[in-house]
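In what follows, a single structure is set out as structure tokens and then discussed.
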Amino acid sequence: MIEVICNDRLGKKIRVKCNPDDTVGDLKKLLAAQATRRRPPPTRPARATPAPQTGTRPEKLRIQKWYTVYKDHISLDDYEIHDGMGLELYYN
């Protein structure tokens with residue numbers, strides 16, 4: 001198992017544990033499960049229920065390092081992504 005650190009450049013760093021033989025698409029699915037954003041609170045309190053969390057779809061994520069955009073079907077080992085490596089995460 002390796003740990004990959006993704007920085008979304010909006011103040012959030014997400015640490016994900018995955019296998020080296022996982023694809024970038026699998027990494028995006030793990031990141032989408034952790035990169036949840038809260039909805040803004042309603043202007044008037046309608047009920048006492050908390051606001052539900054909205055997830056981010058994996059298709060809307062882009063993982064890159066400098067100018068190299070990683071493709072979904074290639075494994076992390078092929079891209080030589082190792083334990084503790086930092087990647088950039090962008091929302092499309």
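A note on labels: chains of the structure tokens are A, B, ... as shown, every chain counts residues from 1, and ligands are counted from 1 in their shown order.
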
message: Set the distance at 7 Å and use only C-alpha atoms: which residues neighbour Val24 (chain A) once local chain neighbours fewer than 2 positions away are removed? I'd like the list as a list in words.
response: Asp22, Asp26, Leu27, Lys28, Tyr70, Lys71, Asp72, His73, Ile74, Ser75 and Leu76 of chain A

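Each of A:Ile63, A:Cys18, A:Val69, A:Leu30 was checked against Gly86 (chain A) using only C-alpha atoms; the smallest atom-to-atom distance is that of A:Ile63.
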
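Minimum atom-to-atom distance to Lys60 (chain A), evaluated using only C-alpha atoms, belongs to A:Ala35 out of A:Ala35, A:Met1, A:Cys6, A:Ile14.
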
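Nearest to Glu88 (chain A) of all the residues A:Glu59, A:Glu3, A:Lys13, A:Gly25 is A:Lys13, counting only C-alpha atoms.
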